[in-house]
Every structure is written in C-alpha cells, then in structure tokens.
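Structure file upload_37.cif with mmCIF, C-alpha atoms:
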data_upload
#
loop_
_atom_site.label_atom_id
_atom_site.label_comp_id
_atom_site.auth_asym_id
_atom_site.auth_seq_id
_atom_site.Cartn_x
_atom_site.Cartn_y
_atom_site.Cartn_z
CA MET A 1 4.11 2.03 46.69
CA ILE A 2 0.58 2.88 45.61
CA ASN A 3 -0.57 2.77 42.01
CA VAL A 4 -3.41 4.24 39.98
CA SER A 5 -4.99 2.31 37.13
CA GLU A 6 -5.13 3.95 33.70
CA THR A 7 -8.91 4.25 33.93
CA ALA A 8 -8.76 5.86 37.37
CA ALA A 9 -5.99 8.24 36.22
CA MET A 10 -8.16 9.45 33.34
CA LYS A 11 -11.09 10.07 35.67
CA ILE A 12 -8.91 11.84 38.24
CA ASN A 13 -7.40 14.13 35.60
CA GLU A 14 -10.88 14.91 34.26
CA LEU A 15 -12.02 15.77 37.78
CA LEU A 16 -9.01 18.00 38.46
CA ALA A 17 -9.53 19.78 35.12
CA GLU A 18 -13.21 20.41 35.89
CA GLU A 19 -12.23 21.89 39.26
CA ASN A 20 -9.46 23.99 37.67
CA LYS A 21 -6.93 22.18 39.87
CA ALA A 22 -4.80 20.50 37.23
CA ASN A 23 -1.63 20.96 39.31
CA SER A 24 -3.11 19.30 42.39
CA GLY A 25 -3.03 15.62 43.33
CA LEU A 26 -5.08 13.01 45.13
CA ARG A 27 -4.79 12.25 48.85
CA VAL A 28 -5.49 8.64 49.75
CA PHE A 29 -6.03 7.84 53.41
CA VAL A 30 -7.42 5.33 55.87
CA GLN A 31 -9.47 6.13 58.94
CA GLY A 32 -11.24 4.15 61.62
CA GLY A 33 -14.92 3.37 61.18
CA GLY A 34 -17.05 1.93 58.44
CA CYS A 35 -18.77 -1.45 58.58
CA SER A 36 -15.65 -3.57 59.05
CA GLY A 37 -13.19 -1.54 61.13
CA PHE A 38 -11.37 0.72 58.63
CA GLN A 39 -12.57 2.80 55.73
CA TYR A 40 -10.88 4.44 52.75
CA GLY A 41 -10.91 8.11 51.91
CA LEU A 42 -10.05 10.07 48.76
CA MET A 43 -9.81 13.83 48.41
CA ILE A 44 -8.18 16.43 46.18
CA GLU A 45 -4.92 17.67 47.73
CA GLU A 46 -4.23 21.31 46.88
CA ASN A 47 -1.63 22.07 49.55
CA GLY A 48 1.00 19.63 48.35
CA GLN A 49 3.15 17.36 50.49
CA GLY A 50 2.53 17.52 54.21
CA SER A 51 4.82 16.59 57.07
CA GLY A 52 5.65 12.88 56.85
CA ASP A 53 3.68 12.36 53.65
CA GLN A 54 4.89 9.94 51.04
CA VAL A 55 4.33 11.01 47.45
CA PHE A 56 3.84 8.60 44.57
CA GLU A 57 3.24 9.28 40.89
CA SER A 58 1.38 6.84 38.69
CA HIS A 59 0.07 7.45 35.16
CA GLY A 60 0.65 11.16 35.62
CA VAL A 61 -1.29 11.43 38.90
CA LYS A 62 0.37 12.47 42.16
CA LEU A 63 -0.74 10.51 45.22
CA PHE A 64 -0.21 11.82 48.76
CA VAL A 65 -0.33 9.37 51.68
CA ASP A 66 0.19 10.19 55.36
CA PRO A 67 2.61 8.07 57.47
CA ILE A 68 -0.22 6.22 59.29
CA SER A 69 -2.30 5.36 56.24
CA ILE A 70 0.71 4.04 54.31
CA ARG A 71 0.87 1.10 56.75
CA TYR A 72 -2.49 -0.08 55.48
CA LEU A 73 -2.16 0.88 51.81
CA THR A 74 1.22 -0.41 50.65
CA GLY A 75 0.69 -2.30 47.40
CA ALA A 76 -2.82 -0.92 46.89
CA GLU A 77 -4.22 0.35 43.60
CA VAL A 78 -6.80 3.07 43.06
CA ASP A 79 -9.18 1.97 40.32
CA PHE A 80 -12.35 3.26 38.71
CA VAL A 81 -15.19 0.83 38.11
CA ASP A 82 -17.75 1.78 35.48
CA THR A 83 -20.97 -0.22 35.15
CA ILE A 84 -24.27 0.25 33.35
CA THR A 85 -25.75 1.76 36.52
CA GLY A 86 -22.93 4.19 37.24
CA GLY A 87 -19.34 4.21 38.39
CA GLY A 88 -17.02 5.15 41.20
CA PHE A 89 -13.53 4.90 42.59
CA THR A 90 -12.50 1.77 44.46
CA ILE A 91 -9.30 0.60 46.12
CA LYS A 92 -7.83 -2.84 45.53
CA ASN A 93 -5.89 -3.58 48.69
CA PRO A 94 -3.82 -6.77 49.08
CA GLN A 95 -3.61 -6.11 52.82
CA ALA A 96 -7.38 -6.36 53.31
CA THR A 97 -8.62 -9.78 54.40
CA SER A 98 -12.19 -8.84 53.54
CA THR A 99 -14.33 -5.89 52.55
CA CYS A 100 -17.95 -5.11 53.28
CA GLY A 101 -20.74 -4.62 50.78
CA CYS A 102 -20.35 -0.83 50.76
CA GLY A 103 -16.89 -1.16 49.16
CA GLN A 104 -15.42 1.53 51.40
CA SER A 105 -14.61 -0.52 54.50
CA PHE A 106 -12.14 -3.33 55.11
CA ILE A 107 -10.43 -5.45 57.74
CA HIS A 108 -6.66 -5.06 57.81
CA ARG A 109 -4.46 -8.12 57.73
CA GLU A 110 -2.08 -6.90 60.39
CA ALA A 111 -1.81 -3.57 62.27
CA ALA A 112 1.60 -2.74 63.68
CA GLY A 113 1.52 -2.37 67.45
CA ILE A 114 -2.00 -3.74 67.86
CA GLY A 115 -2.28 -7.43 68.67
CA ARG A 116 -5.17 -9.60 67.58
CA ALA A 117 -6.01 -10.31 71.21
CA THR A 118 -6.40 -6.58 71.87
CA VAL A 119 -8.83 -6.27 68.98
CA TYR A 120 -10.97 -9.17 70.16
CA ARG A 121 -10.93 -8.00 73.79
CA THR A 122 -12.14 -4.59 72.63
CA LEU A 123 -14.88 -6.11 70.49
CA GLN A 124 -15.98 -8.33 73.36
CA TRP A 125 -16.11 -5.31 75.66
CA MET A 126 -18.30 -3.52 73.11
CA LEU A 127 -20.60 -6.56 72.94
CA ASP A 128 -20.86 -6.76 76.73
CA ALA A 129 -21.57 -3.02 76.94
CA GLY A 130 -24.39 -3.36 74.44
CA ILE A 131 -22.93 -0.91 71.92
CA ALA A 132 -22.16 -3.58 69.32
CA ARG A 133 -23.64 -6.85 68.13
CA LYS A 134 -22.02 -9.85 66.49
CA VAL A 135 -23.61 -11.34 63.39
CA ASP A 136 -22.45 -14.82 62.41
CA PHE A 137 -22.59 -15.39 58.65
CA GLY A 138 -21.36 -18.99 58.89
CA GLU A 139 -18.22 -20.58 57.48
CA GLY A 140 -16.17 -18.78 60.11
CA ARG A 141 -17.27 -15.31 58.92
CA SER A 142 -18.65 -12.83 61.43
CA ARG A 143 -19.48 -9.18 61.33
CA PHE A 144 -19.58 -6.71 64.20
CA GLU A 145 -22.18 -3.98 63.87
CA PRO A 146 -23.15 -1.00 66.02
CA SER A 147 -26.26 -1.60 68.13
CA TYR A 148 -26.67 1.70 69.95
CA ARG A 149 -29.41 3.67 68.15
CA HIS A 150 -28.96 1.26 65.23
CA PRO A 151 -32.21 -0.73 64.89
CA ARG A 152 -32.32 -4.47 64.62
CA HIS A 153 -32.17 -5.42 60.97
CA PHE A 154 -31.78 -8.48 58.79
CA HIS A 155 -29.40 -9.65 56.09
CA LEU A 156 -29.41 -11.01 52.56
CA ILE A 157 -26.19 -13.00 52.07
CA CYS A 158 -24.82 -14.06 48.70
CA THR A 159 -23.12 -17.47 48.86
CA THR A 160 -21.19 -16.74 45.66
CA CYS A 161 -19.49 -13.40 46.29
CA HIS A 162 -20.13 -13.40 50.08
CA SER A 163 -21.56 -9.89 49.97
CA SER A 164 -24.28 -8.96 52.43
CA SER A 165 -27.02 -6.34 52.28
CA GLU A 166 -29.26 -5.12 55.06
CA PHE A 167 -32.99 -4.53 55.31
CA LEU A 168 -35.44 -3.69 58.07
CA SER A 169 -39.02 -4.94 58.21
CA SER A 170 -41.60 -4.08 60.85
CA ASP A 171 -43.78 -6.90 59.52
CA VAL A 172 -41.08 -9.51 60.21
CA GLU A 173 -40.42 -7.98 63.64
CA SER A 174 -44.12 -7.98 64.53
CA LEU A 175 -44.50 -11.61 63.50
CA MET A 176 -41.51 -12.69 65.61
CA GLU A 177 -42.80 -10.73 68.61
CA GLU A 178 -46.27 -12.22 68.17
CA ILE A 179 -44.88 -15.77 68.04
CA ALA A 180 -42.65 -15.19 71.09
CA ALA A 181 -45.58 -13.75 73.07
CA ALA A 182 -47.87 -16.62 72.08
CA ARG A 183 -45.31 -19.11 73.40
CA ASN A 184 -44.61 -16.98 76.50
CA PHE A 185 -40.99 -16.79 75.34
CA SER A 186 -38.67 -13.99 76.41
CA ALA A 187 -36.47 -13.28 73.38
CA THR A 188 -33.03 -11.73 73.86
CA GLN A 189 -31.86 -11.86 70.26
CA SER A 190 -33.37 -12.57 66.87
CA VAL A 191 -31.47 -13.15 63.65
CA VAL A 192 -32.87 -13.40 60.12
CA GLN A 193 -30.42 -14.32 57.38
CA ILE A 194 -31.52 -15.13 53.85
CA TYR A 195 -28.92 -17.04 51.83
CA GLY A 196 -28.87 -17.22 48.06
CA THR A 197 -27.39 -15.56 45.00
CA CYS A 198 -27.36 -11.81 44.51
CA GLU A 199 -28.53 -10.14 41.31
CA ALA A 200 -24.99 -9.26 40.22
CA CYS A 201 -23.78 -12.88 40.49
CA ARG A 202 -26.95 -14.30 38.94
CA THR A 203 -27.39 -11.96 35.98
CA GLY A 204 -24.19 -9.93 35.76
CA VAL A 205 -26.23 -6.74 36.26
CA THR A 206 -25.01 -4.61 39.17
CA ALA A 207 -27.75 -2.63 40.85
CA ALA A 208 -27.13 0.89 42.13
CA PRO A 209 -25.52 0.23 45.54
CA ILE A 210 -26.32 1.48 49.02
CA ASP A 211 -22.93 2.64 50.23
CA GLY A 212 -21.57 5.01 52.81
CA ALA A 213 -22.42 8.06 50.74
CA THR A 214 -26.00 7.05 49.95
CA THR A 215 -27.17 5.19 53.07
CA GLU A 216 -28.73 8.29 54.64
CA LEU A 217 -30.38 9.26 51.34
CA VAL A 218 -31.93 5.80 50.98
CA PHE A 219 -33.18 5.90 54.57
CA ALA A 220 -34.74 9.35 54.01
CA ARG A 221 -36.27 8.15 50.73
CA ASP A 222 -37.89 5.13 52.36
CA ALA A 223 -39.10 7.18 55.34
CA LEU A 224 -40.74 9.71 53.02
CA ARG A 225 -42.33 6.94 50.97
CA MET A 226 -43.91 5.56 54.13
CA ALA A 227 -45.11 8.96 55.31
CA ILE A 228 -46.62 9.71 51.87
CA ALA A 229 -48.42 6.35 51.79
CA THR A 230 -49.82 7.01 55.27
CA GLU A 231 -50.98 10.53 54.33
CA ARG A 232 -52.80 9.21 51.24
CA SER A 233 -54.48 6.52 53.30
CA GLY A 234 -55.42 9.04 56.01
CA LEU A 235 -56.83 11.45 53.40
CA GLU A 236 -59.12 8.72 52.05
CA PHE A 237 -60.22 7.80 55.57
CA TYR A 238 -61.12 11.33 56.69
CA THR A 239 -62.81 12.20 53.39
CA ARG A 240 -65.07 9.17 53.73
CA ALA A 241 -65.68 9.82 57.46
CA ALA A 242 -66.74 13.43 56.71
CA GLY A 243 -69.27 12.16 54.19
CA LEU A 244 -70.77 9.61 56.60
CA THR A 245 -70.94 11.67 59.81
CA LYS A 246 -74.33 13.23 60.58
CA ASP A 247 -73.18 15.32 63.54
CA ALA A 248 -72.29 18.77 62.13
CA ARG A 249 -69.45 19.42 64.54
CA GLY A 250 -67.95 15.98 64.07
CA ARG A 251 -68.23 16.36 60.30
CA SER A 252 -66.33 19.66 60.42
CA VAL A 253 -63.53 17.96 62.42
CA PHE A 254 -63.20 15.22 59.82
CA GLN A 255 -63.22 17.81 57.02
CA LYS A 256 -60.49 19.79 58.78
CA LEU A 257 -58.34 16.68 59.17
CA ALA A 258 -58.87 15.77 55.52
CA GLU A 259 -57.69 19.24 54.50
CA GLU A 260 -54.62 18.93 56.74
CA GLU A 261 -53.81 15.50 55.30
CA LYS A 262 -54.04 16.92 51.77
CA GLU A 263 -51.76 19.86 52.65
CA HIS A 264 -49.19 17.65 54.39
CA LEU A 265 -49.28 15.22 51.48
CA GLY A 266 -48.33 18.00 49.07
CA THR A 267 -45.47 19.10 51.36
CA LEU A 268 -44.12 15.55 51.62
CA GLU A 269 -44.32 14.97 47.87
CA THR A 270 -42.39 18.20 47.24
CA ARG A 271 -39.78 17.12 49.77
CA TYR A 272 -39.52 13.72 48.12
CA ARG A 273 -38.98 15.20 44.65
CA ALA A 274 -36.21 17.44 46.00
CA LEU A 275 -34.50 14.46 47.64
CA VAL A 276 -34.65 12.36 44.46
CA ALA A 277 -33.21 15.26 42.45
CA SER A 278 -30.09 15.16 44.64
CA ASP A 279 -29.21 11.65 43.41
CA PRO A 280 -30.29 10.52 39.90
CA GLN A 281 -29.92 6.86 40.95
CA LEU A 282 -31.83 7.16 44.22
CA GLU A 283 -35.09 5.72 42.86
CA SER A 284 -33.29 2.60 41.62
CA ARG A 285 -31.32 1.88 44.79
CA PRO A 286 -32.51 -1.13 46.83
CA THR A 287 -35.22 -0.64 49.44
CA PHE A 288 -34.01 -0.70 53.05
CA LEU A 289 -37.25 -0.13 54.99
CA PHE A 290 -40.02 -2.68 54.36
CA PHE A 291 -43.13 -1.62 56.27
CA LYS A 292 -45.94 -3.13 54.22
CA GLY A 293 -48.53 -3.36 56.98
CA ALA A 294 -47.45 -0.26 58.87
CA ALA A 295 -49.31 2.99 59.56
CA SER A 296 -50.93 3.21 56.11
CA GLY A 297 -52.43 -0.23 56.73
CA LEU A 298 -54.15 1.06 59.87
CA PHE A 299 -56.06 3.73 57.94
CA ALA A 300 -56.87 1.31 55.12
CA GLU A 301 -58.44 -1.03 57.69
CA GLY A 302 -60.25 1.92 59.25
CA THR A 303 -61.73 2.87 55.88
CA LYS A 304 -63.08 -0.69 55.49
CA GLU A 305 -64.78 -0.39 58.88
CA LEU A 306 -66.41 2.89 57.82
CA ARG A 307 -67.80 1.23 54.70
CA SER A 308 -69.50 -1.43 56.82
CA GLY A 309 -71.71 1.24 58.40
CA VAL A 310 -70.99 3.05 61.68
CA ASP A 311 -72.45 5.92 63.70
CA ASP A 312 -70.70 9.18 64.60
CA GLU A 313 -69.17 7.91 67.85
CA GLN A 314 -67.91 4.75 66.19
CA ALA A 315 -66.33 6.78 63.36
CA LEU A 316 -64.44 8.90 65.90
CA LEU A 317 -63.30 5.81 67.80
CA ILE A 318 -61.98 4.26 64.58
CA GLY A 319 -60.09 7.49 63.82
CA ILE A 320 -58.63 7.51 67.35
CA LYS A 321 -57.45 3.92 66.94
CA CYS A 322 -55.79 4.71 63.59
CA GLU A 323 -54.06 7.87 64.80
CA ARG A 324 -52.88 6.25 68.02
CA GLY A 325 -51.39 3.28 66.16
CA SER A 326 -49.76 5.55 63.56
CA HIS A 327 -48.28 7.83 66.24
CA GLN A 328 -46.87 4.90 68.21
CA PHE A 329 -45.39 3.32 65.09
CA PHE A 330 -43.53 6.40 63.81
CA LYS A 331 -42.36 7.40 67.30
CA ARG A 332 -41.13 3.90 68.10
CA TYR A 333 -38.99 3.58 64.99
CA GLY A 334 -37.93 7.23 64.89
CA GLU A 335 -36.41 6.99 68.36
CA ARG A 336 -34.43 3.89 67.39
CA PHE A 337 -32.50 5.49 64.54
CA GLU A 338 -29.40 7.64 64.63
CA ASP A 339 -29.78 11.34 63.84
CA SER A 340 -30.57 11.68 60.14
CA GLU A 341 -33.17 13.11 57.80
CA GLY A 342 -35.03 9.79 57.90
CA LYS A 343 -35.24 9.97 61.70
CA GLN A 344 -36.49 13.55 61.42
CA VAL A 345 -39.23 12.46 58.98
CA PHE A 346 -40.40 9.75 61.40
CA LEU A 347 -40.48 12.01 64.47
CA GLU A 348 -42.13 14.94 62.64
CA PHE A 349 -44.82 12.59 61.40
CA ALA A 350 -45.27 11.12 64.89
CA ASP A 351 -45.88 14.65 66.26
CA GLU A 352 -48.44 15.33 63.52
CA GLU A 353 -50.29 12.11 64.28
CA ARG A 354 -50.26 12.95 68.00
CA ALA A 355 -51.92 16.33 67.29
CA HIS A 356 -54.62 14.59 65.23
CA LEU A 357 -55.13 12.01 68.00
CA ASP A 358 -55.63 14.72 70.65
CA LEU A 359 -58.15 16.52 68.43
CA LEU A 360 -60.18 13.36 67.85
CA ILE A 361 -60.18 12.46 71.55
CA ARG A 362 -61.45 15.96 72.45
CA GLU A 363 -64.19 15.75 69.84
CA TYR A 364 -65.24 12.26 70.97
CA ARG A 365 -65.62 13.45 74.56
CA ALA A 366 -67.55 16.54 73.42
CA LEU A 367 -69.88 14.38 71.30
CA ARG A 368 -70.57 12.08 74.26
CA ALA A 369 -71.31 15.12 76.42
CA ARG A 370 -73.74 16.50 73.84
CA HIS A 371 -75.53 13.18 73.67
CA ARG A 372 -75.91 13.07 77.46
CA GLN A 373 -77.33 16.62 77.58
CA ARG A 374 -79.84 15.98 74.80
CA PRO A 375 -83.40 15.52 76.23
CA PRO A 376 -84.89 12.08 75.64
CA ARG A 377 -87.23 11.85 72.67
CA ARG A 378 -90.79 10.82 73.29
CA SER A 379 -92.11 8.22 70.96
CA ALA A 380 -94.90 9.14 68.60
CA ARG A 381 -97.12 6.47 70.20
CA LYS A 382 -96.74 7.90 73.70
CA ALA A 383 -97.40 11.42 72.44
CA MET A 384 -100.57 10.26 70.70
CA VAL A 385 -101.86 8.46 73.82
CA ARG A 386 -101.33 11.57 75.92
CA ARG A 387 -103.22 13.74 73.42
CA VAL A 388 -106.14 11.28 73.49
CA VAL A 389 -106.18 11.29 77.30
CA ARG A 390 -106.26 15.08 77.38
CA ARG A 391 -109.21 15.20 74.98
CA ARG A 392 -111.18 12.90 77.24
#

Spell out the structure here as structure tokens.
Amino acid sequence: MINVSETAAMKINELLAEENKANSGLRVFVQGGGCSGFQYGLMIEENGQGSGDQVFESHGVKLFVDPISIRYLTGAEVDFVDTITGGGFTIKNPQATSTCGCGQSFIHREAAGIGRATVYRTLQWMLDAGIARKVDFGEGRSRFEPSYRHPRHFHLICTTCHSSSEFLSSDVESLMEEIAAARNFSATQSVVQIYGTCEACRTGVTAAPIDGATTELVFARDALRMAIATERSGLEFYTRAAGLTKDARGRSVFQKLAEEEKEHLGTLETRYRALVASDPQLESRPTFLFFKGAASGLFAEGTKELRSGVDDEQALLIGIKCERGSHQFFKRYGERFEDSEGKQVFLEFADEERAHLDLLIREYRALRARHRQRPPRRSARKAMVRRVVRRR
C-alpha cells in the first residue's frame, strides 16, 4: 500500500488540472542510480494501468506502481514539503535505511534475491577498478561515490541531521599538492571533511538545495561565474598593457585582445542571464565550485606587475604566463568533469585562452626578431667626436 498526504494530493490535483489531465494519475517508481544506490521517480501516468501494475487510490489520487518498484515502496507515503525557499515532492519510505542530501536517493533495507554479500562484493570490485570511491563519514556511516570523470571533492557534514553537501576547491587542492611535494610525499588519496551544524539545523531556515534536478545547473552557473571573472580580469590586463606598450605592433595586439575579451565577456554575461532565468532559485543555491585564486587571479597578478613598470618584451611575457596558466587551469578541470554545460564552458574557455597564448607567443618572437634586426644606435658623444675628427 502506498499513500499520498493531503498536501501532496492537493498539489498533484493542481498539477493535473494545469496540464488538462484531470483523469490521469501519478506513477511512482524506483530505479537504480542516485547518490546512495536507488532513486525515486514521479511522473504523470496518462495510459492507465500497465501489465503487472498495482493501483492505489489515496485522497482522490490514483497511484500506479510497477511490480519491481512495489518491493521497495510498500508502506511509503508521497508528501509535499513547502518551505520559505520553495517546495517539492518527497517520499517517506520506511524501507529506506538512509537517504542522501539530494532527497531523491536511498539505500534499501532488503532487496529480494540480492544478498548483502553480493552488494559489498560489487562495491569492492568497483573500488578496485577505480570507478568508485568510498568516503567514510565516521560512526559506521560510509558513502560510495563515482570516481570516473567525477573530480575529487570535499564534504560538509552536519552532525545533527547527518546530511552531507559537496564542494570543490582548487585552492584546497593546490595547497595539499604543494605540501605533499614539499615533503616529497606521494599521495594516493586525500579527504577533507568539515563537521558541524548545517544552516537548517542551526537556524531552521532551509536553503535552496542542490539536488538531482539542479546539480548540472549549479555547476554551469559556477563555471560561468569563473569564466566571467577571468574575462573581466583579462580585459583590465590587456587594456593596461595596450596603454603601456611603446611598440606599435605590440600595442595593436594588446588592443585586439582587449576587444576580444570585452566581446567574450558580453557573450558570457548573456549566457549567464539566460541560465539564471531557467531557475528562479539558482542564484541562491549553495556554491559548489570554489576557485578563489584561479585563472582570474593570474591576470590580477599580471596587472600588478605591469603597474610596477615593464618594457614591451616583459609585458608580452607576462601575458604569455597568464594565458598559459589560464589555459592549463580550465583544460585540467574541464577534462575531469562528466559531460555537461559546465564542462563545455571550461573547455570552450580553455580553447579561447590557447588561441590568445599562441598569438602572444608569435608576437613575442616577432618583437625579438625586430629588435635583433634594428641597427645599433650610435651615442651622441661618439657622433660628436667623429664630426670633430673630420673637421680637423
């Protein structure tokens, strides 16, 4: 038996009415995947009862469940949770031993025909094959996560509700790599877990979540934020370099790059506004990517060097260093992510930085060649001595 709460029934009926499908019902199902092994699914069922389906009616709503999913959902209740930051459907399942922070995944108490030993052998095989990693949260709680094309990340763990949230920081990674290299230590695994109390448990205010439906949007949002910050920093760098460079050809290169940075910045900002418009809560969702000292920091440092006073060759070398570091950064992280809009943003930006790097390298070599071909200047003193000698 599966039930629907009164609140959820009202929301479901409103949804069906809006879709002009008042005579339809709701299909509830379970499928493999998610963060914890299984994940729930809800969809409008227009075709009625399928082969083997069980049909339940609760508070005027028809529920359709297939014969496999019913094993995992008996006794469950579909509810609707409404908070000050939004709402959504959730499933209260007495058969779930635990759920993950996304609210859509769970671990089943007992699966008919599948022994616990089989599950653990499979997980161990995945660990040995390098396609999964095990994260120990203490107190006998562990979590298995995909590792293939899923970058190393860190966790915030609430000791009150036991929820966990993920974040990725290049600054933390760089510091750990720097420490390991300084100690000549070959690291095989690094784990960062921050324990404490989440905002919801501390204040009662539930922030807009990062769940299965919004993870890719949040990733794309953070990737665009980083690209925009880098473009702004690059625009400032090339604008200042164009003003300082005395060589006409080098100055035109810097001006061209400044114009490109300005154009790309406008494109990225338009793309960002379109992304935010797709989810009214996207701006308020927690940050996943923390790259404080990333590519934008390279150009900011380069601008400081320009202010200290440099010649044309030095300005080009600073630009080459910035573009090379930016290209390597975006390419490195872009290749580590699964296919998504965020990955696309990283790799597109890496290609752009590579094109700028090649242009600066060509110009640097051309400037060096021009300097070598330029005839040496005679000093005014030597010229004067020679004129005196000739007069005599």

**OP:** Any chance you could resolve the PyMOL selection byres ((chain A and resi 59) around 10) against this file and give the residues as a list in words?
**Re:**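 Listing what the PyMOL selection byres ((chain A and resi 59) around 10) selects in the shown file: Asn3, Val4, Ser5, Glu6, Thr7, Ala8, Ala9, Met10, Glu57, Ser58, Gly60, Val61 and Lys62 of chain A.
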
Emit the selected residues as a PDB file, keeping the file's coordinate frame, including C-alpha atoms.
ATOM      1  CA  ASN A   3      -0.570   2.770  42.010  1.00  0.00           C
ATOM      2  CA  VAL A   4      -3.410   4.240  39.980  1.00  0.00           C
ATOM      3  CA  SER A   5      -4.990   2.310  37.130  1.00  0.00           C
ATOM      4  CA  GLU A   6      -5.130   3.950  33.700  1.00  0.00           C
ATOM      5  CA  THR A   7      -8.910   4.250  33.930  1.00  0.00           C
ATOM      6  CA  ALA A   8      -8.760   5.860  37.370  1.00  0.00           C
ATOM      7  CA  ALA A   9      -5.990   8.240  36.220  1.00  0.00           C
ATOM      8  CA  MET A  10      -8.160   9.450  33.340  1.00  0.00           C
ATOM      9  CA  GLU A  57       3.240   9.280  40.890  1.00  0.00           C
ATOM     10  CA  SER A  58       1.380   6.840  38.690  1.00  0.00           C
ATOM     11  CA  GLY A  60       0.650  11.160  35.620  1.00  0.00           C
ATOM     12  CA  VAL A  61      -1.290  11.430  38.900  1.00  0.00           C
ATOM     13  CA  LYS A  62       0.370  12.470  42.160  1.00  0.00           C
TER      14      LYS A  62
END

Kindly resolve the PyMOL selection byres ((chain A and resi 362-365) around 8) on the present coordinates and return the residues as an mmCIF file with C-alpha atoms, in the frame of the given file.
data_model
loop_
_atom_site.group_PDB
_atom_site.id
_atom_site.type_symbol
_atom_site.label_atom_id
_atom_site.label_comp_id
_atom_site.auth_asym_id
_atom_site.auth_seq_id
_atom_site.Cartn_x
_atom_site.Cartn_y
_atom_site.Cartn_z
ATOM 1 C CA GLY A 250 -67.950 15.980 64.070
ATOM 2 C CA VAL A 253 -63.530 17.960 62.420
ATOM 3 C CA GLU A 313 -69.170 7.910 67.850
ATOM 4 C CA LEU A 316 -64.440 8.900 65.900
ATOM 5 C CA LEU A 317 -63.300 5.810 67.800
ATOM 6 C CA ASP A 358 -55.630 14.720 70.650
ATOM 7 C CA LEU A 359 -58.150 16.520 68.430
ATOM 8 C CA LEU A 360 -60.180 13.360 67.850
ATOM 9 C CA ILE A 361 -60.180 12.460 71.550
ATOM 10 C CA ALA A 366 -67.550 16.540 73.420
ATOM 11 C CA LEU A 367 -69.880 14.380 71.300
ATOM 12 C CA ARG A 368 -70.570 12.080 74.260
ATOM 13 C CA ALA A 369 -71.310 15.120 76.420
#

**OP:** Just give me the gap between atom CA of Glu305 of chain A and atom CA of Lys246 of chain A in Å, one decimal is fine.
**Re:**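 According to the coordinates, atom CA of Glu305 of chain A and atom CA of Lys246 of chain A are separated by 16.7 Å.
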
Taking all listed atoms of segment 167-179 of chain A, build the axis-aligned box, pad each of the six sides by 5 Å, then write its centre and edge lengths in Å to one decimal as AutoDock Vina command-line options.
--center_x -39.6 --center_y -9.7 --center_z 62.0 --size_x 23.3 --size_y 22.1 --size_z 23.3

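Minimum atom-to-atom distance to Ile320 of chain A, evaluated using all atoms listed in the file, belongs to A:Arg354 out of A:Arg354, A:Arg285, A:Lys21, A:Arg27.
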
Subject >> Counting only C-alpha atoms, the residue of A:Lys256, A:Arg251, A:His264, A:Arg225 that sits nearest Glu283 of chain A >> reply: A:Arg225

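With the shown file loaded, the PyMOL selection byres ((chain A and resi 334) around 10) picks out Arg149, Pro151, Ala223, Gln328, Phe329, Phe330, Lys331, Arg332, Tyr333, Glu335, Arg336, Phe337, Glu338, Asp339, Ser340, Gly342, Lys343, Gln344, Val345, Phe346, Leu347, Glu348, Phe349 and Ala350 of chain A.
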
**OP:** Fewer than 6 positions away in the same chain doesn't count, so skip those; otherwise give me all residues within 10 Å of Glu231 of chain A, counting all atoms listed in the file, as a PyMOL selection string.
**Re:** chain A and resi 225+237+258+260-266+268+295-296+299+349

Residue subset to file, keeping C-alpha atoms, as an mmCIF file, in the coordinates of the input:
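Result file is result04.cif:
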data_model
loop_
_atom_site.group_PDB
_atom_site.id
_atom_site.type_symbol
_atom_site.label_atom_id
_atom_site.label_comp_id
_atom_site.auth_asym_id
_atom_site.auth_seq_id
_atom_site.Cartn_x
_atom_site.Cartn_y
_atom_site.Cartn_z
ATOM 1 C CA ARG A 225 -42.330 6.940 50.970
ATOM 2 C CA PHE A 237 -60.220 7.800 55.570
ATOM 3 C CA ALA A 258 -58.870 15.770 55.520
ATOM 4 C CA GLU A 260 -54.620 18.930 56.740
ATOM 5 C CA GLU A 261 -53.810 15.500 55.300
ATOM 6 C CA LYS A 262 -54.040 16.920 51.770
ATOM 7 C CA GLU A 263 -51.760 19.860 52.650
ATOM 8 C CA HIS A 264 -49.190 17.650 54.390
ATOM 9 C CA LEU A 265 -49.280 15.220 51.480
ATOM 10 C CA GLY A 266 -48.330 18.000 49.070
ATOM 11 C CA LEU A 268 -44.120 15.550 51.620
ATOM 12 C CA ALA A 295 -49.310 2.990 59.560
ATOM 13 C CA SER A 296 -50.930 3.210 56.110
ATOM 14 C CA PHE A 299 -56.060 3.730 57.940
ATOM 15 C CA PHE A 349 -44.820 12.590 61.400
#

Original post:
Quick one, how far is atom CA of Glu46 of chain A from atom CA of Thr214 of chain A?
Top reply: 26.2 Å

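One distance worth recording is that between atom CA of Val55 of chain A and atom CA of Val78 of chain A, which is 14.4 Å.
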
Subject >> Residue nearest Glu236 of chain A - candidates A:Thr122, A:Ser164, A:Gln255, A:Ser51, atoms counted: all atoms listed in the file >> reply: A:Gln255
